[in-house]
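Dumped run_9.tsv below, it's TSV, C-alpha atoms and all ligand atoms:
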chain	number	residue	atom	x	y	z
J	1	MET	CA	4.09	7.68	-12.46
J	2	SER	CA	2.87	8.84	-9.04
J	3	ILE	CA	2.89	6.68	-5.93
J	4	ALA	CA	-0.90	6.66	-5.92
J	5	SER	CA	-1.22	5.50	-9.51
J	6	ARG	CA	1.40	2.79	-8.98
J	7	LEU	CA	-0.67	1.44	-6.10
J	8	ASN	CA	-3.92	1.61	-8.06
J	9	GLU	CA	-2.40	-0.12	-11.05
J	10	LEU	CA	-1.08	-2.86	-8.79
J	11	LYS	CA	-4.44	-3.33	-7.07
J	12	ASP	CA	-6.29	-3.45	-10.39
J	13	LYS	CA	-4.31	-6.49	-11.44
J	14	LEU	CA	-4.79	-8.45	-8.22
J	15	PRO	CA	-7.64	-10.89	-7.64
J	16	GLY	CA	-10.30	-9.58	-5.26
J	17	THR	CA	-9.22	-12.07	-2.60
J	18	VAL	CA	-5.77	-10.52	-2.18
J	19	ARG	CA	-5.13	-7.42	-0.08
J	20	VAL	CA	-2.07	-5.16	-0.22
J	21	VAL	CA	0.01	-4.14	2.77
J	22	ALA	CA	1.77	-0.97	1.59
J	23	VAL	CA	5.24	-1.31	3.11
J	24	SER	CA	6.29	2.25	3.91
J	25	LYS	CA	9.57	1.63	5.76
J	26	PHE	CA	12.27	4.20	4.96
J	27	HIS	CA	9.68	6.39	3.20
J	28	PRO	CA	8.47	9.70	4.64
J	29	VAL	CA	5.08	10.52	6.07
J	30	SER	CA	4.32	12.61	2.96
J	31	ALA	CA	4.56	9.52	0.76
J	32	ILE	CA	2.28	7.59	3.12
J	33	ARG	CA	-0.26	10.41	2.97
J	34	GLU	CA	-0.29	10.20	-0.82
J	35	VAL	CA	-1.26	6.56	-0.60
J	36	TYR	CA	-3.73	7.27	2.24
J	37	GLU	CA	-5.50	9.83	0.05
J	38	THR	CA	-6.41	7.09	-2.43
J	39	GLY	CA	-8.42	5.44	0.35
J	40	HIS	CA	-5.80	2.81	1.18
J	41	ARG	CA	-5.59	2.08	4.91
J	42	LEU	CA	-3.32	-0.93	5.31
J	43	PHE	CA	0.37	-0.16	5.87
J	44	GLY	CA	3.39	-2.13	7.02
J	45	GLU	CA	6.50	-1.09	8.94
J	46	SER	CA	9.41	-3.17	10.15
J	47	ARG	CA	11.10	-1.04	12.80
J	48	VAL	CA	9.57	0.17	16.06
J	49	GLN	CA	11.59	3.40	16.19
J	50	GLU	CA	10.32	4.32	12.73
J	51	LEU	CA	6.72	3.26	13.26
J	52	LEU	CA	6.14	5.24	16.47
J	53	PRO	CA	6.65	8.75	15.05
J	54	LYS	CA	4.73	7.84	11.88
J	55	TYR	CA	1.83	6.57	13.94
J	56	GLU	CA	1.81	9.83	15.91
J	57	GLU	CA	1.71	12.00	12.80
J	58	LEU	CA	-0.74	10.07	10.67
J	59	PRO	CA	-4.52	9.51	10.82
J	60	ARG	CA	-5.74	7.02	13.40
J	61	ASP	CA	-7.74	4.90	11.00
J	62	ILE	CA	-4.59	3.46	9.41
J	63	GLN	CA	-4.27	-0.26	10.07
J	64	TRP	CA	-0.62	-0.85	10.89
J	65	HIS	CA	0.96	-4.26	10.36
J	66	PHE	CA	4.30	-4.91	11.98
J	67	ILE	CA	6.42	-7.04	9.62
J	68	GLY	CA	9.98	-6.89	10.98
J	69	HIS	CA	11.86	-8.77	13.64
J	70	LEU	CA	10.40	-7.60	16.94
J	71	GLN	CA	12.42	-7.55	20.15
J	72	THR	CA	10.44	-8.54	23.23
J	73	ASN	CA	11.41	-5.35	25.06
J	74	LYS	CA	9.73	-3.23	22.36
J	75	VAL	CA	6.42	-5.07	22.26
J	76	LYS	CA	4.84	-2.77	24.83
J	77	GLN	CA	5.43	0.34	22.72
J	78	ILE	CA	3.43	-0.73	19.69
J	79	LEU	CA	0.70	-2.86	21.29
J	80	PRO	CA	-1.80	-0.09	22.04
J	81	PHE	CA	-2.29	0.66	18.34
J	82	ILE	CA	-0.92	-2.16	16.19
J	83	ASP	CA	-3.52	-4.00	14.11
J	84	THR	CA	-1.51	-7.15	13.41
J	85	ILE	CA	1.99	-8.39	14.18
J	86	GLU	CA	2.87	-10.52	11.16
J	87	SER	CA	6.34	-11.47	12.27
J	88	VAL	CA	5.98	-13.55	15.41
J	89	ASP	CA	8.98	-15.83	15.21
J	90	SER	CA	9.31	-17.37	18.68
J	91	GLU	CA	7.10	-18.66	21.44
J	92	ARG	CA	8.83	-16.29	23.81
J	93	LEU	CA	7.72	-13.31	21.71
J	94	LEU	CA	4.20	-14.69	21.50
J	95	ARG	CA	4.05	-14.99	25.30
J	96	GLU	CA	5.38	-11.46	25.75
J	97	ILE	CA	2.71	-10.09	23.37
J	98	ASP	CA	0.05	-11.98	25.31
J	99	LYS	CA	1.31	-10.65	28.63
J	100	GLU	CA	1.49	-7.01	27.51
J	101	ALA	CA	-1.84	-7.18	25.65
J	102	GLY	CA	-3.42	-8.52	28.84
J	103	LYS	CA	-2.20	-5.48	30.75
J	104	ILE	CA	-4.08	-3.14	28.40
J	105	ASP	CA	-7.00	-5.51	28.00
J	106	ARG	CA	-6.59	-6.04	24.26
J	107	VAL	CA	-6.60	-9.09	22.05
J	108	VAL	CA	-3.93	-8.65	19.38
J	109	ARG	CA	-3.97	-10.39	16.03
J	110	VAL	CA	-0.71	-12.08	15.13
J	111	PHE	CA	0.68	-14.23	12.32
J	112	LEU	CA	3.34	-16.86	12.81
J	113	GLN	CA	6.34	-16.22	10.59
J	114	VAL	CA	7.43	-19.46	8.98
J	115	HIS	CA	10.94	-19.92	7.66
J	116	ILE	CA	10.64	-21.10	4.06
J	117	ALA	CA	13.76	-19.62	2.43
J	118	GLN	CA	17.11	-21.28	1.92
J	119	GLU	CA	18.97	-18.45	3.64
J	120	GLU	CA	19.69	-19.34	7.23
J	121	HIS	CA	19.69	-15.81	8.57
J	122	LYS	CA	16.00	-15.28	7.98
J	123	PHE	CA	13.75	-15.46	11.04
J	124	GLY	CA	10.81	-17.74	11.61
J	125	PHE	CA	9.51	-21.05	12.86
J	126	SER	CA	10.16	-24.28	11.00
J	127	PHE	CA	7.03	-26.02	9.73
J	128	ARG	CA	7.38	-28.53	12.53
J	129	GLU	CA	7.64	-25.85	15.24
J	130	ALA	CA	4.69	-23.91	13.85
J	131	GLU	CA	2.62	-27.06	13.67
J	132	GLY	CA	3.53	-27.89	17.27
J	133	LEU	CA	2.34	-24.46	18.39
J	134	LEU	CA	-0.89	-24.52	16.42
J	135	THR	CA	-1.93	-28.03	17.29
J	136	GLY	CA	-0.29	-28.61	20.67
J	137	GLY	CA	-2.76	-26.73	22.84
J	138	HIS	CA	-0.18	-24.17	24.04
J	139	LEU	CA	-2.15	-21.34	22.50
J	140	LYS	CA	-5.23	-22.03	24.58
J	141	SER	CA	-3.61	-20.49	27.63
J	142	LEU	CA	-2.87	-17.27	25.73
J	143	SER	CA	-6.10	-15.30	25.84
J	144	HIS	CA	-4.78	-11.97	24.56
J	145	VAL	CA	-3.34	-13.06	21.23
J	146	GLN	CA	-5.28	-14.45	18.33
J	147	VAL	CA	-3.22	-16.28	15.73
J	148	THR	CA	-5.04	-15.50	12.49
J	149	GLY	CA	-2.44	-16.19	9.81
J	150	LEU	CA	0.98	-17.20	8.60
J	151	MET	CA	3.70	-15.08	7.01
J	152	GLY	CA	6.66	-16.21	4.93
J	153	MET	CA	9.47	-14.78	2.84
J	154	ALA	CA	10.88	-16.71	-0.09
J	155	SER	CA	14.59	-16.99	-0.90
J	156	LEU	CA	16.29	-14.01	-2.49
J	157	THR	CA	17.04	-15.63	-5.82
J	158	ASP	CA	16.35	-15.31	-9.53
J	159	ASP	CA	15.30	-18.94	-9.59
J	160	THR	CA	11.55	-18.48	-9.89
J	161	GLU	CA	10.92	-22.21	-9.65
J	162	GLN	CA	12.64	-22.24	-6.27
J	163	ILE	CA	10.50	-19.31	-5.11
J	164	ARG	CA	7.36	-21.03	-6.39
J	165	ARG	CA	8.21	-24.24	-4.53
J	166	GLU	CA	8.67	-22.33	-1.28
J	167	PHE	CA	5.32	-20.54	-1.61
J	168	GLU	CA	3.67	-23.79	-2.64
J	169	LEU	CA	4.95	-25.50	0.51
J	170	LEU	CA	3.75	-22.67	2.71
J	171	TYR	CA	0.32	-22.74	1.08
J	172	ALA	CA	0.07	-26.50	1.59
J	173	PHE	CA	1.02	-26.05	5.23
J	174	TYR	CA	-1.52	-23.21	5.61
J	175	THR	CA	-4.27	-25.41	4.16
J	176	LYS	CA	-3.34	-28.26	6.48
J	177	MET	CA	-3.27	-26.00	9.55
J	178	LYS	CA	-6.57	-24.36	8.63
J	179	ALA	CA	-8.23	-27.69	9.26
J	180	ALA	CA	-6.93	-27.70	12.82
J	181	TYR	CA	-6.88	-24.01	13.65
J	182	SER	CA	-8.90	-21.04	12.44
J	183	LEU	CA	-6.43	-19.25	10.18
J	184	SER	CA	-7.68	-16.85	7.53
J	185	GLU	CA	-4.61	-15.01	6.21
J	186	LEU	CA	-1.56	-16.12	4.29
J	187	SER	CA	0.92	-13.27	3.93
J	188	MET	CA	3.39	-14.02	1.18
J	189	GLY	CA	4.80	-12.03	-1.71
J	190	MET	CA	6.87	-8.84	-1.98
J	191	SER	CA	7.62	-6.47	-4.89
J	192	ASP	CA	9.77	-8.96	-6.78
J	193	ASP	CA	7.86	-12.17	-6.20
J	194	TYR	CA	4.22	-11.30	-5.46
J	195	PRO	CA	2.80	-12.50	-8.82
J	196	ILE	CA	4.10	-15.99	-8.00
J	197	ALA	CA	2.83	-15.75	-4.41
J	198	VAL	CA	-0.64	-14.78	-5.64
J	199	GLU	CA	-0.71	-17.72	-8.03
J	200	GLU	CA	0.23	-19.96	-5.11
J	201	GLY	CA	-2.58	-18.79	-2.85
J	202	SER	CA	-1.48	-15.67	-0.97
J	203	THR	CA	-4.22	-13.54	0.65
J	204	LEU	CA	-1.96	-10.64	1.62
J	205	VAL	CA	1.00	-9.23	-0.31
J	206	ARG	CA	3.53	-6.92	1.35
J	207	ILE	CA	4.63	-4.41	-1.26
J	208	GLY	CA	7.19	-1.66	-0.67
J	209	SER	CA	9.42	-0.56	-3.52
J	210	LYS	CA	6.91	-1.29	-6.26
J	211	ILE	CA	4.65	1.36	-4.73
J	212	PHE	CA	7.02	3.82	-3.07
J	213	GLY	CA	10.11	3.44	-5.25
J	214	THR	CA	13.50	2.23	-4.10
J	215	ARG	CA	14.55	2.77	-0.49
J	216	GLU	CA	17.60	4.81	0.49
B	1	LIG	C1	10.69	-4.58	3.29
B	1	LIG	C2	9.79	-5.75	3.41
B	1	LIG	C3	8.82	-6.00	2.43
B	1	LIG	C4	8.65	-5.17	1.17
B	1	LIG	O1	9.75	-5.31	0.32
B	1	LIG	P1	9.73	-4.78	-1.19
B	1	LIG	O2	10.68	-5.67	-1.88
B	1	LIG	O3	10.16	-3.37	-1.14
B	1	LIG	O4	8.34	-4.93	-1.70
B	1	LIG	C5	7.97	-7.09	2.63
B	1	LIG	N1	8.07	-7.87	3.71
B	1	LIG	C6	8.99	-7.66	4.67
B	1	LIG	C7	9.03	-8.58	5.84
B	1	LIG	C8	9.88	-6.59	4.54
B	1	LIG	O5	10.80	-6.40	5.50
Could you render the structure from this file as structure tokens?
Ligand SMILES: *Cc1c(COP(=O)(O)O)cnc(C)c1O
Amino acid sequence: MSIASRLNELKDKLPGTVRVVAVSKFHPVSAIREVYETGHRLFGESRVQELLPKYEELPRDIQWHFIGHLQTNKVKQILPFIDTIESVDSERLLREIDKEAGKIDRVVRVFLQVHIAQEEHKFGFSFREAEGLLTGGHLKSLSHVQVTGLMGMASLTDDTEQIRREFELLYAFYTKMKAAYSLSELSMGMSDDYPIAVEEGSTLVRIGSKIFGTRE
């Protein structure tokens, strides 16, 4: 099956409320073009040094989401064109994005990455930290970032009940925060766990290998 038909088949099965971020990391520009030709415009990359040359080569109407760990010293390079940074995992990074966005007079959409998995090495805020940021008034002083959503990655496990619990918790947190802060996106679900994420209330799934095939 072609890349394009894999994407279309995937989209056909999703509820209309869920959008797909086509995660193109480690895949060549030619593969991205194939997906682009179907009319898809939303793509995700996780490394700055890979995103920059792809951005240069590809059409400007692609909406790029940054989904990987972002070092503060690289923020400046992607800010002029990035649509959304989904992986904001520290207040320091948030402040750096605000500062650099101010310099180019942009307001950048960001999601807070929340740590929901059992693995310790994964990045993200705890629920308590994220709640503190969203309700504590800190964000009011940041006029060049707009926090519009939350992103989370479930544990890497075959235990689907564990995965479901993690997504369920994040959804509950999202619902609670929505009452206090204007969030509209919940990014959860990857190739192996997106059906569960969708059942648990995801609005945005980040799908790589299920569209593009396995990465090198
Ligand atoms: C690579 C990546 C994905 C996509 O992973 P697949 O399993 O290939 O769908 C989603 N989210 C993040 C944060 C990633 O780094």
Quiz item: Do you know which residues are at most 9 Å from His69 (chain J) counting only C-alpha atoms, after dropping those on the same chain fewer than 4 positions away, and could you put them as a list in words?
Solution: Ser46, Arg47, Ser87, Val88, Asp89 and Phe123 of chain J
- Message: What residues of the protein or nucleic acid chains come within 7 Å of ligand LIG 1 (chain B) when you use only C-alpha atoms and all ligand atoms? Reply as a ChimeraX atom specification.
- Response: /J:23,25,46,67-68,153,190-192,206-210
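Excluding Arg92 (chain J) itself and any same-chain residue fewer than 2 positions from it, the protein and nucleic acid residues within 12 Å of it, counting only C-alpha atoms, are Leu70, Gln71, Thr72, Asn73, Val75, Val88, Asp89, Ser90, Leu94, Arg95, Glu96, Ile97, Asp98, Lys99, Phe125, Leu133, His138 and Leu142 of chain J.
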Set up a box along x, y and z of the file covering all listed atoms of region 80-83 of chain J, add 3 Å on every one of the six sides, and write the centre and edge lengths in Å to one decimal, as lines of an AutoDock Vina configuration file.
center_x = -2.2
center_y = -1.7
center_z = 18.1
size_x = 8.6
size_y = 10.7
size_z = 13.9
Just the residues within 10 Å of Leu169 (chain J), please, counting all atoms listed in the file, with nothing from its chain fewer than 5 positions along; format it as a PDB file with C-alpha atoms, in the frame of the given file.
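Final output, saved to result-v3.pdb:
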ATOM      1  CA  ILE J 116      10.640 -21.100   4.060  1.00  0.00           C
ATOM      2  CA  PHE J 127       7.030 -26.020   9.730  1.00  0.00           C
ATOM      3  CA  ARG J 164       7.360 -21.030  -6.390  1.00  0.00           C
ATOM      4  CA  TYR J 174      -1.520 -23.210   5.610  1.00  0.00           C
ATOM      5  CA  THR J 175      -4.270 -25.410   4.160  1.00  0.00           C
ATOM      6  CA  GLU J 200       0.230 -19.960  -5.110  1.00  0.00           C
TER       7      GLU J 200
END
Taken to one decimal, the CA of Asp83 (chain J)-CA of Gln63 (chain J) distance is 5.6 Å
